[in-house]
$ cat query.txt   # compact mmCIF, C-alpha atoms and all ligand atoms
# COMPACT_ATOMS: atom_id res chain seq x y z
CA MET A 20 114.39 88.03 123.07
CA LYS A 21 115.50 84.40 122.88
CA ARG A 22 112.88 83.46 125.44
CA ILE A 23 110.17 84.67 123.10
CA LEU A 24 111.56 84.23 119.63
CA GLU A 25 113.42 80.98 119.58
CA ALA A 26 110.44 78.81 120.25
CA ASP A 27 107.79 78.57 117.58
CA SER A 28 105.48 77.37 120.32
CA PRO A 29 102.93 79.81 121.73
CA ALA A 30 104.24 82.51 124.11
CA PRO A 31 103.95 81.41 127.74
CA SER A 32 100.92 82.54 129.71
CA ASP A 33 101.33 83.51 133.35
CA PRO A 34 98.27 84.50 135.43
CA THR A 35 100.46 86.07 138.12
CA PHE A 36 101.59 88.72 135.62
CA SER A 37 98.14 90.22 135.04
CA ARG A 38 97.29 89.88 138.74
CA ALA A 39 100.38 91.94 139.66
CA VAL A 40 99.46 94.63 137.10
CA VAL A 41 95.79 94.79 138.14
CA ASP A 42 96.55 94.94 141.88
CA TRP A 43 99.12 97.68 141.35
CA GLN A 44 96.81 99.70 139.08
CA LYS A 45 93.97 99.62 141.60
CA GLN A 46 96.23 100.94 144.34
CA HIS A 47 98.77 103.13 142.58
CA GLY A 48 97.59 103.71 139.00
CA ARG A 49 95.98 106.80 137.51
CA HIS A 50 92.25 107.18 138.18
CA ALA A 51 91.47 110.84 137.59
CA LEU A 52 92.36 111.50 133.95
CA PRO A 53 89.53 113.36 132.17
CA TRP A 54 88.77 110.38 129.90
CA GLN A 55 88.58 107.86 132.75
CA GLY A 56 85.41 106.89 134.60
CA THR A 57 83.36 106.83 131.40
CA ARG A 58 82.19 103.97 129.14
CA ASP A 59 81.43 106.41 126.33
CA ALA A 60 83.30 104.92 123.38
CA TYR A 61 83.38 108.32 121.61
CA ARG A 62 85.25 109.99 124.47
CA ILE A 63 87.56 107.01 124.92
CA TRP A 64 88.31 106.86 121.20
CA LEU A 65 89.02 110.61 121.06
CA SER A 66 91.45 110.40 124.00
CA GLU A 67 93.23 107.35 122.55
CA ILE A 68 93.78 109.10 119.21
CA MET A 69 95.02 112.30 120.87
CA LEU A 70 97.35 110.28 123.11
CA GLN A 71 98.87 108.33 120.21
CA GLN A 72 101.83 110.65 119.79
CA THR A 73 101.24 113.28 122.46
CA GLN A 74 101.86 113.41 126.20
CA VAL A 75 98.94 113.38 128.66
CA ALA A 76 99.60 116.93 129.95
CA ALA A 77 99.49 118.37 126.42
CA VAL A 78 96.35 116.42 125.49
CA ILE A 79 94.18 117.48 128.48
CA PRO A 80 93.32 121.07 127.35
CA TYR A 81 92.82 119.99 123.71
CA TYR A 82 90.55 117.15 124.79
CA ALA A 83 88.38 119.52 126.84
CA ARG A 84 88.12 122.12 124.04
CA PHE A 85 87.43 119.48 121.43
CA LEU A 86 84.57 117.98 123.45
CA LEU A 87 83.01 121.39 124.01
CA ARG A 88 82.82 121.95 120.27
CA PHE A 89 82.19 118.31 119.23
CA PRO A 90 80.34 116.64 122.14
CA ASP A 91 79.43 113.48 120.21
CA VAL A 92 80.33 111.54 117.11
CA ALA A 93 77.35 112.89 115.11
CA THR A 94 78.45 116.52 115.70
CA LEU A 95 82.02 115.69 114.72
CA ALA A 96 80.96 113.82 111.56
CA ALA A 97 78.77 116.74 110.44
CA ALA A 98 81.41 119.44 111.12
CA PRO A 99 83.40 121.13 108.31
CA ALA A 100 86.95 119.77 107.94
CA GLU A 101 88.47 123.24 108.59
CA ASP A 102 86.70 123.40 111.94
CA VAL A 103 88.11 120.01 112.98
CA MET A 104 91.60 121.00 111.83
CA ALA A 105 91.38 124.31 113.71
CA HIS A 106 90.57 122.47 116.96
CA TRP A 107 93.50 120.11 116.36
CA SER A 108 95.95 122.82 115.35
CA GLY A 109 99.00 122.69 117.66
CA LEU A 110 98.66 119.00 118.60
CA GLY A 111 100.75 117.94 115.58
CA TYR A 112 100.59 114.77 113.46
CA TYR A 113 97.66 116.16 111.50
CA THR A 114 96.90 112.89 109.73
CA ARG A 115 95.32 111.94 113.06
CA ALA A 116 92.80 114.79 112.73
CA ARG A 117 91.90 113.90 109.15
CA ASN A 118 91.47 110.24 110.11
CA LEU A 119 89.47 111.25 113.18
CA HIS A 120 87.02 113.13 111.02
CA GLY A 121 86.88 110.29 108.46
CA CYS A 122 86.36 107.77 111.25
CA ALA A 123 83.45 109.74 112.75
CA LYS A 124 81.75 109.76 109.33
CA ARG A 125 82.27 105.99 108.93
CA VAL A 126 80.87 105.28 112.41
CA MET A 127 77.76 107.26 111.46
CA GLU A 128 77.41 105.57 108.06
CA LEU A 129 78.21 102.00 109.08
CA TYR A 130 77.14 101.78 112.71
CA GLY A 131 74.53 104.52 113.20
CA GLY A 132 76.85 106.46 115.52
CA VAL A 133 77.70 103.55 117.86
CA PHE A 134 81.32 102.38 117.91
CA PRO A 135 81.48 98.58 117.49
CA SER A 136 82.76 96.53 120.44
CA ASP A 137 84.71 94.06 118.28
CA PRO A 138 88.38 95.20 118.09
CA LEU A 139 88.64 93.69 114.60
CA LEU A 140 85.85 95.98 113.34
CA LEU A 141 87.31 98.96 115.19
CA ALA A 142 90.70 98.34 113.59
CA GLU A 143 89.12 98.67 110.12
CA LEU A 144 88.18 102.30 110.82
CA PRO A 145 90.49 105.16 109.75
CA GLY A 146 93.29 105.96 112.22
CA ILE A 147 92.61 103.01 114.56
CA GLY A 148 95.40 100.44 114.72
CA ARG A 149 95.31 97.11 116.50
CA SER A 150 96.48 98.44 119.88
CA THR A 151 94.14 101.45 119.86
CA ALA A 152 91.22 99.21 118.86
CA ALA A 153 91.95 96.91 121.80
CA ALA A 154 92.20 99.83 124.24
CA ILE A 155 88.89 101.39 123.11
CA SER A 156 87.21 98.01 123.25
CA ALA A 157 88.59 97.13 126.69
CA PHE A 158 87.71 100.51 128.25
CA ALA A 159 84.30 100.98 126.63
CA TYR A 160 83.05 97.39 126.51
CA GLY A 161 85.38 95.35 128.75
CA THR A 162 86.52 93.23 125.77
CA ARG A 163 89.43 90.87 126.37
CA ALA A 164 91.96 92.21 123.86
CA ALA A 165 95.70 92.91 124.03
CA ILE A 166 97.29 96.36 123.67
CA LEU A 167 100.86 96.97 122.54
CA ASP A 168 101.60 100.67 122.26
CA GLY A 169 105.09 102.18 122.53
CA ASN A 170 105.03 102.28 126.34
CA VAL A 171 103.88 98.68 126.65
CA LYS A 172 106.55 97.54 124.21
CA ARG A 173 109.13 99.17 126.48
CA VAL A 174 107.76 97.42 129.59
CA PHE A 175 107.69 94.02 127.84
CA ALA A 176 111.12 94.52 126.29
CA ARG A 177 112.57 95.08 129.76
CA VAL A 178 110.58 92.49 131.67
CA PHE A 179 111.33 89.75 129.11
CA GLY A 180 114.85 90.93 128.25
CA VAL A 181 114.04 91.37 124.56
CA GLU A 182 117.14 91.51 122.33
CA GLY A 183 116.13 93.56 119.30
CA TYR A 184 114.42 96.76 118.28
CA PRO A 185 110.72 96.41 119.22
CA GLY A 186 109.65 98.35 116.09
CA GLU A 187 111.09 95.60 113.88
CA LYS A 188 108.33 93.38 112.46
CA ARG A 189 109.80 90.09 113.66
CA ILE A 190 110.19 91.35 117.23
CA GLU A 191 106.84 93.11 117.22
CA ASP A 192 105.04 89.92 116.10
CA ALA A 193 106.60 88.02 118.98
CA LEU A 194 105.61 90.76 121.43
CA TRP A 195 102.02 90.58 120.20
CA LEU A 196 101.98 86.84 120.89
CA GLN A 197 103.30 87.53 124.36
CA ALA A 198 100.77 90.34 124.95
CA VAL A 199 97.87 88.04 124.03
CA ALA A 200 99.20 85.18 126.17
CA LEU A 201 99.46 87.46 129.22
CA LEU A 202 95.85 88.72 129.15
CA PRO A 203 93.93 88.03 132.36
CA ALA A 204 92.00 84.77 132.14
CA ASP A 205 89.16 86.45 133.99
CA SER A 206 87.59 88.67 131.36
CA ALA A 207 85.28 90.55 133.73
CA ASP A 208 84.89 94.18 132.59
CA ALA A 209 86.62 95.75 135.57
CA GLN A 210 89.52 93.33 135.33
CA MET A 211 90.20 94.08 131.64
CA SER A 212 90.03 97.81 132.01
CA ALA A 213 92.27 97.79 135.13
CA TYR A 214 94.80 95.52 133.36
CA THR A 215 94.84 97.67 130.19
CA GLN A 216 95.10 100.89 132.20
CA GLY A 217 97.73 99.28 134.45
CA LEU A 218 100.03 98.49 131.54
CA MET A 219 99.64 102.03 130.23
CA ASP A 220 100.24 103.53 133.69
CA LEU A 221 103.33 101.40 134.30
CA GLY A 222 104.86 102.53 131.02
CA ALA A 223 103.95 106.18 131.59
CA THR A 224 104.77 106.57 135.28
CA LEU A 225 107.28 103.92 136.48
CA CYS A 226 108.89 102.15 133.54
CA THR A 227 109.74 105.41 131.82
CA ARG A 228 112.32 105.70 129.05
CA SER A 229 114.89 107.28 131.33
CA ARG A 230 115.31 106.74 135.06
CA PRO A 231 112.54 104.15 135.60
CA GLU A 232 111.44 103.67 139.20
CA CYS A 233 112.23 99.99 139.54
CA GLN A 234 112.08 100.04 143.33
CA ARG A 235 108.36 100.77 143.21
CA CYS A 236 107.56 98.48 140.28
CA PRO A 237 105.28 95.45 140.79
CA LEU A 238 107.05 93.62 137.93
CA GLN A 239 110.54 94.01 139.40
CA PRO A 240 110.77 90.43 140.79
CA ARG A 241 110.33 89.05 137.26
CA CYS A 242 112.12 91.79 135.28
CA ILE A 243 115.09 90.47 133.30
CA ALA A 244 116.44 93.93 132.52
CA PHE A 245 116.49 94.76 136.25
CA ALA A 246 118.03 91.43 137.24
CA THR A 247 120.79 91.74 134.64
CA ASP A 248 121.40 95.46 135.13
CA ARG A 249 120.35 96.31 131.58
CA VAL A 250 117.51 98.71 132.28
CA ASP A 251 119.35 101.57 130.57
CA GLU A 252 120.06 99.45 127.49
CA LEU A 253 116.60 98.01 126.85
CA PRO A 254 114.62 98.34 124.73
CA LEU A 255 117.24 98.59 122.00
CA ARG A 256 117.02 101.83 120.10
CA LYS A 257 115.99 102.13 116.49
CA PRO A 258 119.01 101.70 114.21
CA LYS A 259 120.06 105.27 113.32
CA LYS A 260 119.23 106.79 109.96
CA THR A 261 120.41 110.26 109.14
CA LEU A 262 117.51 112.65 108.76
CA ARG A 263 116.94 114.03 105.27
CA GLU A 264 117.09 117.81 105.00
CA LYS A 265 114.93 120.09 102.88
CA SER A 266 114.92 123.87 102.41
CA THR A 267 112.15 126.23 101.48
CA ALA A 268 111.42 129.95 101.41
CA MET A 269 108.13 131.07 102.95
CA LEU A 270 106.46 134.33 102.03
CA VAL A 271 104.70 136.41 104.65
CA ILE A 272 102.73 138.63 102.30
CA SER A 273 100.76 141.29 104.13
CA ASP A 274 98.57 144.19 103.01
CA GLY A 275 98.71 145.76 106.47
CA SER A 276 95.58 144.11 107.84
CA HIS A 277 95.59 140.67 106.19
CA VAL A 278 98.14 137.98 105.53
CA LEU A 279 98.09 135.70 102.50
CA LEU A 280 97.68 131.99 103.19
CA GLU A 281 97.61 128.96 100.99
CA GLN A 282 95.59 125.77 101.48
CA ARG A 283 97.97 122.80 101.56
CA PRO A 284 97.06 119.62 99.71
CA ASP A 285 95.34 116.92 101.81
CA SER A 286 98.30 114.58 101.67
CA GLY A 287 101.88 115.32 102.67
CA ILE A 288 103.19 117.44 105.51
CA TRP A 289 100.70 119.75 107.18
CA GLY A 290 98.06 118.26 104.88
CA GLY A 291 94.76 120.14 104.89
CA LEU A 292 96.08 123.08 106.95
CA LEU A 293 96.51 126.66 105.82
CA SER A 294 100.13 127.77 105.53
CA LEU A 295 102.34 130.43 103.99
CA PRO A 296 103.03 130.34 100.24
CA GLU A 297 106.41 128.76 99.51
CA ILE A 298 108.89 129.29 96.68
CA ALA A 299 112.22 127.72 95.73
CA LEU A 300 115.05 130.25 96.17
CA ASN A 301 118.36 128.83 95.06
CA GLY A 302 120.16 131.54 93.13
CA GLU A 303 122.20 134.67 93.75
CA PRO A 304 120.67 137.33 96.04
CA ALA A 305 119.71 139.42 92.99
CA LEU A 306 117.99 136.45 91.36
CA ALA A 307 116.30 135.59 94.64
CA HIS A 308 114.98 139.14 94.87
CA ALA A 309 113.63 138.93 91.32
CA ALA A 310 111.95 135.59 92.09
CA LEU A 311 110.32 137.12 95.15
CA GLN A 312 109.02 140.07 93.15
CA LEU A 313 107.67 137.72 90.51
CA SER A 314 105.97 135.49 93.04
CA THR A 315 104.25 138.35 94.79
CA ALA A 316 103.25 140.27 91.64
CA ARG A 317 100.08 138.23 91.21
CA PHE A 318 98.92 139.24 94.67
CA GLY A 319 99.78 142.96 94.54
CA VAL A 320 102.51 145.56 94.28
CA ALA A 321 105.33 145.06 96.78
CA ALA A 322 106.35 148.14 98.78
CA SER A 323 109.07 146.36 100.78
CA VAL A 324 110.77 142.99 101.07
CA GLU A 325 112.54 141.96 104.27
CA LYS A 326 114.48 138.81 104.97
CA LEU A 327 113.50 137.37 108.38
CA LEU A 328 115.50 135.08 110.67
CA PRO A 329 115.63 131.54 109.25
CA PHE A 330 114.52 128.59 111.40
CA THR A 331 114.51 124.79 111.25
CA HIS A 332 111.54 122.55 111.97
CA SER A 333 112.11 118.83 112.60
CA PHE A 334 109.67 116.21 111.39
CA THR A 335 110.00 112.51 112.15
CA HIS A 336 111.69 111.79 108.81
CA PHE A 337 113.36 115.03 107.83
CA LYS A 338 114.40 118.52 108.81
CA LEU A 339 112.91 121.51 107.08
CA HIS A 340 115.07 124.64 106.90
CA VAL A 341 112.82 127.66 106.40
CA SER A 342 113.91 131.08 105.11
CA PRO A 343 111.01 133.46 105.68
CA TYR A 344 110.57 136.73 103.75
CA LYS A 345 108.17 139.46 104.72
CA VAL A 346 106.60 141.30 101.81
CA VAL A 347 104.41 144.31 102.51
CA LEU A 348 102.14 145.25 99.63
CA ALA A 349 101.53 148.87 98.69
CA ARG A 350 98.45 147.74 96.80
CA ARG A 351 96.74 144.38 96.98
CA LEU A 352 94.99 142.75 94.04
CA ASN A 353 91.63 141.63 95.34
CA GLU A 354 91.46 138.62 93.05
CA VAL A 355 94.11 136.22 94.29
CA GLY A 356 93.33 134.10 91.26
CA GLU A 357 93.45 130.64 92.79
CA ARG A 358 90.96 128.97 95.07
CA ALA A 359 93.80 127.73 97.26
CA HIS A 360 94.67 131.24 98.48
CA VAL A 361 92.92 133.22 101.20
CA TRP A 362 93.55 136.57 102.87
CA LEU A 363 93.34 136.08 106.63
CA ASP A 364 92.56 138.99 108.96
CA ILE A 365 95.75 139.33 111.06
CA GLY A 366 93.63 139.45 114.24
CA ARG A 367 92.51 135.85 113.56
CA ILE A 368 95.93 134.20 113.31
CA ALA A 369 95.64 132.55 116.74
CA GLU A 370 92.50 130.61 115.82
CA ALA A 371 93.42 129.68 112.22
CA PRO A 372 94.31 126.05 111.33
CA LEU A 373 98.03 126.70 110.79
CA PRO A 374 101.07 124.45 111.37
CA ALA A 375 102.63 125.24 114.77
CA PRO A 376 105.90 126.85 113.47
CA VAL A 377 103.99 129.02 110.98
CA LYS A 378 101.55 130.15 113.66
CA LYS A 379 104.48 130.92 115.96
CA LEU A 380 106.20 133.03 113.29
CA LEU A 381 103.03 134.97 112.41
CA LEU A 382 102.05 135.55 116.03
CA ALA A 383 105.55 136.85 116.80
CA LEU A 384 105.36 139.29 113.85
CA PHE A 385 101.83 140.30 114.81
CA THR A 386 102.76 140.88 118.48
CA GLU A 387 105.73 142.99 117.44
CA GLY A 388 103.46 145.05 115.15
CA ARG A 389 105.46 143.99 112.09
CA LEU A 390 102.57 142.83 109.93
CA ILE A 391 101.18 146.34 109.61
S1 LIG B 401 111.63 96.71 137.19
FE1 LIG B 401 112.20 98.64 136.26
S2 LIG B 401 112.72 98.13 134.16
FE2 LIG B 401 111.62 96.37 135.01
S3 LIG B 401 109.51 96.73 134.37
FE3 LIG B 401 109.75 97.60 136.40
S4 LIG B 401 110.28 99.75 136.08
FE4 LIG B 401 110.57 98.66 134.16

$ encode --input "query.txt" --output "structure tokens"
Amino acid sequence: MKRILEADSPAPSDPTFSRAVVDWQKQHGRHALPWQGTRDAYRIWLSEIMLQQTQVAAVIPYYARFLLRFPDVATLAAAPAEDVMAHWSGLGYYTRARNLHGCAKRVMELYGGVFPSDPLLLAELPGIGRSTAAAISAFAYGTRAAILDGNVKRVFARVFGVEGYPGEKRIEDALWLQAVALLPADSADAQMSAYTQGLMDLGATLCTRSRPECQRCPLQPRCIAFATDRVDELPLRKPKKTLREKSTAMLVISDGSHVLLEQRPDSGIWGGLLSLPEIALNGEPALAHAALQLSTARFGVAASVEKLLPFTHSFTHFKLHVSPYKVVLARRLNEVGERAHVWLDIGRIAEAPLPAPVKKLLLALFTEGRLI
């Protein structure tokens, strides 16, 4: 990183860098992704948000289904939140879906349904950071703006031999300076979009996290990591923190044809989705049984309680250990008492906006005929 960080002077520009990326992209880059070949800012924005933390192969079917239901920003802005969440369910990182919906509404209110071309205005919208704003702007409007997503950070860290974790503010700031300095001087539309796509393609297809294909890389002659045999070491990994652990008990309460679900608060994990009711179960088995009975009494009379196999779900910042219990009601109280609870027809589990591990659990029980 010394090359970039030690000098307070501007990062060095180098027109041969962008030329190498553009030439390579035109010949060897990706040209047939479903969101390429369009200047429609709505489609480009949608793909960029979906791709933020998800691989291309996983995004493709979601992108197609989403566009069928929400073909333009006006349709998305006018849709009910549950509908948007249901079409996102399974992609993970649900804050993206809430921001997506909020962003569509803002684009309608502020810009009459037309995404602005200025990356600074784009970056003020919900869920759009600096790099995403630049990508949307470059692809839709040919704007000369620098991207710096995780893949591009990896490419730069290797090419410039960056000593430091690229997520650290000090290092990231220096990388941004470098990214801006390396933009093609020629800001013709085609040039900007090929350069932006080229950086993304290099990071996704050649300069991958493990086993990068340096022999085919157009940046190899200038790559410090390659020249110094440090490709496996760079970029430096995030300093390790031990993941926090949490435990919860989830209740699968069924009346034979419906399962009880609870609306989660908008903020926090799985915000805005439907999920299973949870209770704290810390005591002796007898106490735990009593707590279960008490928790289910307001929904009906329990005929049986069965402990299911526990499982662990990992989030970015913590691990959640889940102990599920299946409660079959002999008689269900029709009034569940709180607005946050709904009885879902068990035939509709697949399409409900549920967190992935909860959907997996319920579908497994349903398939095995154990919810009846
Ligand atoms: S030479 Fe290898 S490490 Fe360097 S940028 Fe290319 S693929 Fe990445």

$ closest_atom_pairs --input "query.txt" --of "chain A" --to "ligand LIG 401 (chain B)" --cutoff "8 Å" --atoms "all atoms listed in the file" --output "CSV"
residue,atom,partner,partner_atom,distance
A:Arg173,CA,B:LIG401,FE4,7.8
A:Val174,CA,B:LIG401,S3,5.1
A:Phe175,CA,B:LIG401,S3,7.3
A:Arg177,CA,B:LIG401,S2,5.4
A:Val178,CA,B:LIG401,S3,5.1
A:Leu221,CA,B:LIG401,S4,7.4
A:Gly222,CA,B:LIG401,FE4,7.6
A:Leu225,CA,B:LIG401,S4,5.2
A:Cys226,CA,B:LIG401,S4,3.8
A:Thr227,CA,B:LIG401,S4,7.1
A:Pro231,CA,B:LIG401,S4,5.0
A:Glu232,CA,B:LIG401,S4,5.1
A:Cys233,CA,B:LIG401,FE1,3.5
A:Gln234,CA,B:LIG401,S1,7.0
A:Arg235,CA,B:LIG401,S4,7.5
A:Cys236,CA,B:LIG401,FE3,4.5
A:Pro237,CA,B:LIG401,FE3,6.6
A:Leu238,CA,B:LIG401,FE3,5.0
A:Gln239,CA,B:LIG401,S1,3.7
A:Pro240,CA,B:LIG401,S1,7.3
A:Arg241,CA,B:LIG401,FE2,7.8
A:Cys242,CA,B:LIG401,FE2,4.6
A:Ile243,CA,B:LIG401,FE2,7.1
A:Ala244,CA,B:LIG401,S2,5.8
A:Phe245,CA,B:LIG401,FE2,5.3
A:Val250,CA,B:LIG401,S2,5.2

$ residues_around --input "query.txt" --residues "Ala152 of chain A" --least-positions-apart "2" --cutoff "10 Å" --atoms "all atoms listed in the file" --output "VMD selection string"
chain A and resid 64 67 135 to 144 146 to 150 154 to 157 164 to 166

$ closest_residue --input "query.txt" --among "A:Ile368, A:Leu201, A:Leu327, A:Pro376" --to "Val40 of chain A" --atoms "all atoms listed in the file"
A:Leu201

$ closest_residue --input "query.txt" --among "A:Val103, A:Ala153, A:Val92, A:Ala369" --to "Lys124 of chain A" --atoms "all atoms listed in the file"
A:Val92

$ residues_around --input "query.txt" --residues "Pro329 of chain A" --least-positions-apart "4" --cutoff "7 Å" --atoms "only C-alpha atoms" --output "mmCIF file with C-alpha atoms, keeping the file's coordinate frame"
data_model
loop_
_atom_site.group_PDB
_atom_site.id
_atom_site.type_symbol
_atom_site.label_atom_id
_atom_site.label_comp_id
_atom_site.auth_asym_id
_atom_site.auth_seq_id
_atom_site.Cartn_x
_atom_site.Cartn_y
_atom_site.Cartn_z
ATOM 1 C CA VAL A 341 112.820 127.660 106.400
ATOM 2 C CA SER A 342 113.910 131.080 105.110
ATOM 3 C CA PRO A 343 111.010 133.460 105.680
#

$ closest_residue --input "query.txt" --among "A:Phe158, A:Phe334, A:Trp289, A:Tyr81" --to "Pro372 of chain A" --atoms "all atoms listed in the file"
A:Trp289

$ residues_around --input "query.txt" --residues "Thr94 of chain A" --least-positions-apart "5" --cutoff "9 Å" --atoms "all atoms listed in the file" --output "PDB file with C-alpha atoms, keeping the file's coordinate frame"
ATOM      1  CA  ARG A  88      82.820 121.950 120.270  1.00  0.00           C
ATOM      2  CA  PHE A  89      82.190 118.310 119.230  1.00  0.00           C
ATOM      3  CA  ALA A 123      83.450 109.740 112.750  1.00  0.00           C
TER       4      ALA A 123
END

$ closest_residue --input "query.txt" --among "A:Glu128, A:Leu52, A:Leu328, A:Val133" --to "Asp91 of chain A" --atoms "only C-alpha atoms"
A:Val133

$ closest_residue --input "query.txt" --among "A:His336, A:Lys326, A:His47, A:Arg351" --to "Lys260 of chain A" --atoms "all atoms listed in the file"
A:His336

$ residues_near_point --input "query.txt" --point "(98.6, 114.3, 133.1)" --cutoff "12 Å" --atoms "all atoms listed in the file" --output "list of chain:residue names"
A:Arg49, A:His50, A:Ala51, A:Leu52, A:Pro53, A:Trp54, A:Gln55, A:Leu70, A:Thr73, A:Gln74, A:Val75, A:Ala76, A:Ala77, A:Val78, A:Ile79, A:Pro80, A:Tyr82, A:Asp220, A:Ala223, A:Thr224

$ atom_distance --input "query.txt" --atom1 "atom CA of Gln216 of chain A" --atom2 "atom CA of Val171 of chain A"
10.6 Å

$ atom_distance --input "query.txt" --atom1 "atom CA of Thr57 of chain A" --atom2 "atom CA of Phe36 of chain A"
26.0 Å

$ closest_residue --input "query.txt" --among "A:Ser276, A:Thr151, A:Thr114, A:Ser37" --to "Arg367 of chain A" --atoms "all atoms listed in the file"
A:Ser276

$ atom_distance --input "query.txt" --atom1 "atom CA of Tyr344 of chain A" --atom2 "atom CA of Gly275 of chain A"
15.2 Å

$ residues_around --input "query.txt" --residues "Asp251 of chain A" --least-positions-apart "2" --cutoff "8 Å" --atoms "all atoms listed in the file" --output "list in words"
Ser229, Arg230, Asp248, Arg249 and Leu253 of chain A

$ residues_near_point --input "query.txt" --point "(113.1, 122.0, 108.7)" --cutoff "12 Å" --atoms "all atoms listed in the file" --output "number ranges by chain"
A: 262-269, 288, 329-342, 376-377

$ axis_aligned_box --input "query.txt" --around "segment 187-205 of chain A" --padding-each-side "6 Å" --output "AutoDock Vina command-line options"
--center_x 100.1 --center_y 90.2 --center_z 123.2 --size_x 33.9 --size_y 22.8 --size_z 33.5

$ decode --input "query.txt" --residues "segment 242-260 of chain A" --atoms "N, CA and C atoms" --output "mmCIF file, in the first residue's frame"
data_model
loop_
_atom_site.group_PDB
_atom_site.id
_atom_site.type_symbol
_atom_site.label_atom_id
_atom_site.label_comp_id
_atom_site.auth_asym_id
_atom_site.auth_seq_id
_atom_site.Cartn_x
_atom_site.Cartn_y
_atom_site.Cartn_z
ATOM 1 N N CYS A 242 1.099 -6.285 -12.355
ATOM 2 C CA CYS A 242 0.524 -6.736 -11.076
ATOM 3 C C CYS A 242 1.622 -7.020 -10.049
ATOM 4 N N ILE A 243 1.620 -6.255 -8.972
ATOM 5 C CA ILE A 243 2.653 -6.406 -7.940
ATOM 6 C C ILE A 243 2.508 -7.746 -7.208
ATOM 7 N N ALA A 244 1.265 -8.132 -6.932
ATOM 8 C CA ALA A 244 1.066 -9.406 -6.229
ATOM 9 C C ALA A 244 1.625 -10.560 -7.057
ATOM 10 N N PHE A 245 1.419 -10.519 -8.373
ATOM 11 C CA PHE A 245 1.930 -11.582 -9.240
ATOM 12 C C PHE A 245 3.459 -11.557 -9.260
ATOM 13 N N ALA A 246 4.003 -10.352 -9.431
ATOM 14 C CA ALA A 246 5.465 -10.228 -9.551
ATOM 15 C C ALA A 246 6.171 -10.653 -8.268
ATOM 16 N N THR A 247 5.527 -10.468 -7.125
ATOM 17 C CA THR A 247 6.186 -10.776 -5.850
ATOM 18 C C THR A 247 5.668 -12.086 -5.239
ATOM 19 N N ASP A 248 4.907 -12.831 -6.028
ATOM 20 C CA ASP A 248 4.393 -14.122 -5.583
ATOM 21 C C ASP A 248 3.540 -14.004 -4.309
ATOM 22 N N ARG A 249 2.679 -12.993 -4.289
ATOM 23 C CA ARG A 249 1.845 -12.792 -3.104
ATOM 24 C C ARG A 249 0.351 -12.822 -3.439
ATOM 25 N N VAL A 250 0.038 -13.463 -4.571
ATOM 26 C CA VAL A 250 -1.357 -13.485 -5.003
ATOM 27 C C VAL A 250 -2.262 -14.137 -3.948
ATOM 28 N N ASP A 251 -1.748 -15.194 -3.315
ATOM 29 C CA ASP A 251 -2.573 -15.884 -2.304
ATOM 30 C C ASP A 251 -2.743 -15.064 -1.027
ATOM 31 N N GLU A 252 -1.827 -14.148 -0.796
ATOM 32 C CA GLU A 252 -1.859 -13.364 0.453
ATOM 33 C C GLU A 252 -2.733 -12.121 0.346
ATOM 34 N N LEU A 253 -2.831 -11.547 -0.854
ATOM 35 C CA LEU A 253 -3.512 -10.266 -1.018
ATOM 36 C C LEU A 253 -4.889 -10.470 -1.661
ATOM 37 N N PRO A 254 -5.889 -9.693 -1.313
ATOM 38 C CA PRO A 254 -5.836 -8.661 -0.283
ATOM 39 C C PRO A 254 -5.803 -9.278 1.119
ATOM 40 N N LEU A 255 -5.266 -8.540 2.069
ATOM 41 C CA LEU A 255 -5.220 -9.048 3.437
ATOM 42 C C LEU A 255 -6.642 -9.264 3.938
ATOM 43 N N ARG A 256 -6.805 -10.310 4.717
ATOM 44 C CA ARG A 256 -8.142 -10.632 5.209
ATOM 45 C C ARG A 256 -8.525 -9.720 6.369
ATOM 46 N N LYS A 257 -9.829 -9.657 6.591
ATOM 47 C CA LYS A 257 -10.347 -8.858 7.700
ATOM 48 C C LYS A 257 -9.818 -9.434 9.006
ATOM 49 N N PRO A 258 -9.307 -8.583 9.904
ATOM 50 C CA PRO A 258 -8.863 -9.120 11.194
ATOM 51 C C PRO A 258 -10.015 -9.888 11.853
ATOM 52 N N LYS A 259 -9.688 -11.086 12.358
ATOM 53 C CA LYS A 259 -10.765 -11.996 12.837
ATOM 54 C C LYS A 259 -11.442 -11.505 14.107
ATOM 55 N N LYS A 260 -12.763 -11.570 14.112
ATOM 56 C CA LYS A 260 -13.523 -11.361 15.346
ATOM 57 C C LYS A 260 -14.319 -12.625 15.557
#
